[in-house]
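Below: the structure, in structure tokens.
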Amino acid sequence: MSSYVAQINYYESYIKENSDYIFVGIYADEGISGTSMKKRDAFLRLMQDCRDGRIDMVITKSVSRFGRNTLDCLKSIRELKSFNVDVFFEKENIHTLRNEGEMLLTLISAVAQNESLNLSENVRWGIHRKYERGNVKSIPSGKFLGYDKDENGNLVINEEQAAVVRRIYQEFLDGYGYYTIAEHLTESKIPTEQGLTVWSCSLIKKILTNEKMKGDTLFQKTFNADHLTKHRVKNNGELPQVYLENTHPPIIEKDMWECVQLEFARQEEFIREHKMSRYHFHSEQLPMSGKIICAECGRPLVRRQSKRLAEMGEYYWCCPKYREGRFTPNGPDTCCNDLRIPDALPEQMFIQAWNRLVDEYDRYLPELQQAANGSDLLKSYRAKELMRLVEQTGHIDSMPYELMLKTLSHIELVSISVIRVIFIPKIEWRSF
């Protein structure tokens, strides 16, 4: 900063004290690297004043002060030459309007660009050494929800934002998908970490997978791919990464964070096993979408409206691949399950299965307790939740949507008289 102020004072005096010069102004960008024109407001203002005919000559300390990007530097100088504006580089003693000016500038600006590259590499090396020492002060807060920085640069919990983070984790484990969670937060008028009023699915997933929420840090997730453009890309192994535990206070307990990652894996396995495009098809209006599975081909049943005269307009559930099999019999991706079940039957099966679970709780309890005390964190969490909800809820007459999301894995259609209801974690009830 002292150098910056000194240069401004020097050139202002230098120009004003020369009787041949008329001082127009100082154009100085504070703390800007000069590798790109985008953020150099003063430089862009200088170029515009030259275009407007306000300036005949530009005096600058050196080529590296004018710009460290060879292409941009020469492009700007050529544009100024077309306006008959001379640029004088004091350190190199070059006037751009002279014949030898451009050749010398090409060489010198290339050197300046290379110096910028070396500086960038040195900064990168220094940052990586900080990462290895577990220094989180270089991580900008505001890039992720839940944390601020104190006066010493350490990450500290922002309690208001942390409450939102905990809500997101709990809603995900309660069975809600990214879109629904984002919708809930938007409706609640809760701002994002950047102050936006609309939440996105990608932001929800980013929060749910960010290890910083449990107090750990994975350093160098992204890096500058180009020192000139400053374009950041995801680190897919191009540069070494460092993972350190307990670098700052956690918002989410480690067991809960691990449960969320295991739930991601469970949902992905369910999608693969049942050939689905996504896991969360359901909504409060259609709670059973994506939850009823064909035992024959393993795909989720779809809800259709009947065109039969006796059932005109009524809704039913059926396997989508049976319909395709009618046109391509014995095809590799078809199904022979021609069952049609009434629209309300799946919900009735859930109610019946839940009430049977309540009635025969003592029979299921040893299995649930074994899962609750096991080493699988997700199964343990699900078993404890199921026991808590059975004791808390008791018998039901209708199907509460939230209860279904928390407890139901899926309903499997074997035949019109055999329907399997599978609760999480792997507690099964079968109707006959």
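Residue names in the structure tokens use chain letters A, B, ... in the order shown, residue numbers from 1 in each chain, and ligand numbers from 1 in the order shown.
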Taking only region 135-295 of chain A into account, list the residues labelled helix (DSSP H, G or I) by DSSP (computed from the backbone), as an MDAnalysis selection string.
chainID A and resid 159:173 178:187 201:209 211:214 254:273
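The residue that comes closest to Gly25 (chain A), out of A:Gln305, A:Gln392, A:Ser13, A:Thr209 and on the basis of only C-alpha atoms, is A:Ser13.
For Asp397 (chain A), the residues within 12 Å (counting only C-alpha atoms, excluding itself and residues fewer than 2 positions away along the chain) are A:Glu347, A:Gln348, A:Met349, A:Phe350, A:Ile351, A:Gln352, A:Ala353, A:Trp354, A:Asn355, A:Thr393, A:Gly394, A:His395, A:Met399, A:Pro400.
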With N, CA and C atoms retained, could you export that selection as an mmCIF file, in the first residue's frame?
```cif
data_model
loop_
_atom_site.group_PDB
_atom_site.id
_atom_site.type_symbol
_atom_site.label_atom_id
_atom_site.label_comp_id
_atom_site.auth_asym_id
_atom_site.auth_seq_id
_atom_site.Cartn_x
_atom_site.Cartn_y
_atom_site.Cartn_z
ATOM 1 N N GLU A 347 -52.053 -47.282 0.031
ATOM 2 C CA GLU A 347 -52.156 -46.567 1.301
ATOM 3 C C GLU A 347 -52.849 -47.429 2.350
ATOM 4 N N GLN A 348 -53.863 -48.175 1.925
ATOM 5 C CA GLN A 348 -54.554 -49.072 2.852
ATOM 6 C C GLN A 348 -53.602 -50.152 3.370
ATOM 7 N N MET A 349 -52.729 -50.657 2.481
ATOM 8 C CA MET A 349 -51.751 -51.676 2.865
ATOM 9 C C MET A 349 -50.755 -51.107 3.879
ATOM 10 N N PHE A 350 -50.355 -49.844 3.691
ATOM 11 C CA PHE A 350 -49.429 -49.222 4.642
ATOM 12 C C PHE A 350 -50.088 -49.106 6.014
ATOM 13 N N ILE A 351 -51.338 -48.647 6.045
ATOM 14 C CA ILE A 351 -52.061 -48.484 7.314
ATOM 15 C C ILE A 351 -52.196 -49.827 8.017
ATOM 16 N N GLN A 352 -52.569 -50.859 7.239
ATOM 17 C CA GLN A 352 -52.747 -52.192 7.795
ATOM 18 C C GLN A 352 -51.424 -52.742 8.343
ATOM 19 N N ALA A 353 -50.352 -52.548 7.564
ATOM 20 C CA ALA A 353 -49.035 -53.043 7.985
ATOM 21 C C ALA A 353 -48.546 -52.299 9.231
ATOM 22 N N TRP A 354 -48.760 -50.985 9.267
ATOM 23 C CA TRP A 354 -48.324 -50.204 10.428
ATOM 24 C C TRP A 354 -49.058 -50.644 11.695
ATOM 25 N N ASN A 355 -50.352 -50.816 11.586
ATOM 26 C CA ASN A 355 -51.131 -51.224 12.759
ATOM 27 C C ASN A 355 -50.739 -52.632 13.211
ATOM 28 N N THR A 393 -46.650 -42.929 17.987
ATOM 29 C CA THR A 393 -47.809 -42.773 17.101
ATOM 30 C C THR A 393 -48.943 -43.739 17.432
ATOM 31 N N GLY A 394 -48.584 -44.997 17.689
ATOM 32 C CA GLY A 394 -49.618 -46.002 17.932
ATOM 33 C C GLY A 394 -50.401 -46.298 16.662
ATOM 34 N N HIS A 395 -51.677 -46.700 16.823
ATOM 35 C CA HIS A 395 -52.503 -47.064 15.677
ATOM 36 C C HIS A 395 -52.884 -45.826 14.856
ATOM 37 N N MET A 399 -53.237 -42.452 6.507
ATOM 38 C CA MET A 399 -51.787 -42.500 6.343
ATOM 39 C C MET A 399 -51.171 -41.110 6.460
ATOM 40 N N PRO A 400 -50.451 -40.787 7.543
ATOM 41 C CA PRO A 400 -49.739 -39.511 7.621
ATOM 42 C C PRO A 400 -48.556 -39.532 6.654
#
```
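Here the question is which of A:Glu183, A:Asp72, A:Asp174, A:Glu412 gets nearest to Cys259 (chain A) using only C-alpha atoms, and that residue is A:Asp174.
If only C-alpha atoms are the atoms counted, then among A:Arg278, A:Thr192, A:Phe172, A:Arg299 the closest residue to Glu263 (chain A) is A:Phe172.
Among the candidates A:Glu284, A:Asp376, A:Asp150, A:Glu367, the residue lying nearest to Glu402 (chain A) is A:Glu284 (atoms considered: only C-alpha atoms).
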Identify which of the residues A:Ile94, A:Leu386, A:Ile411, A:Leu44 lies closest to Leu301 (chain A), counting only C-alpha atoms when measuring atom-to-atom distances.
A:Ile411
Could you list, as an NGL selection string, every residue within 6 Å of Gly298 (chain A), counting only C-alpha atoms and ignoring same-chain residues fewer than 4 positions away?
:A and (274 or 293-294)
Would you write out those residues with N, CA, C and O atoms, as a tab-separated table (two decimals), in the first residue's frame?
```tsv
chain	number	residue	atom	x	y	z
A	274	HIS	N	-33.98	-50.76	-9.10
A	274	HIS	CA	-35.34	-50.68	-9.65
A	274	HIS	C	-35.41	-49.86	-10.94
A	274	HIS	O	-36.50	-49.49	-11.36
A	293	ILE	N	-43.47	-51.28	-6.03
A	293	ILE	CA	-42.54	-51.98	-6.92
A	293	ILE	C	-43.18	-53.26	-7.45
A	293	ILE	O	-43.83	-54.01	-6.71
A	294	CYS	N	-42.97	-53.52	-8.75
A	294	CYS	CA	-43.43	-54.77	-9.37
A	294	CYS	C	-42.46	-55.89	-8.99
A	294	CYS	O	-41.25	-55.78	-9.24
```
Can you check which residues of region 135-212 of chain A DSSP gives as strand (DSSP E or B) on the backbone and send them as a tab-separated table (two decimals) with C-alpha atoms, in the first residue's frame?
```
chain	number	residue	atom	x	y	z
A	147	TYR	CA	-19.88	-20.16	9.44
A	148	ASP	CA	-18.26	-16.74	9.83
A	149	LYS	CA	-14.69	-15.78	10.66
A	155	LEU	CA	-14.10	-20.34	11.45
A	156	VAL	CA	-16.85	-19.81	14.03
A	157	ILE	CA	-20.46	-21.01	13.91
```
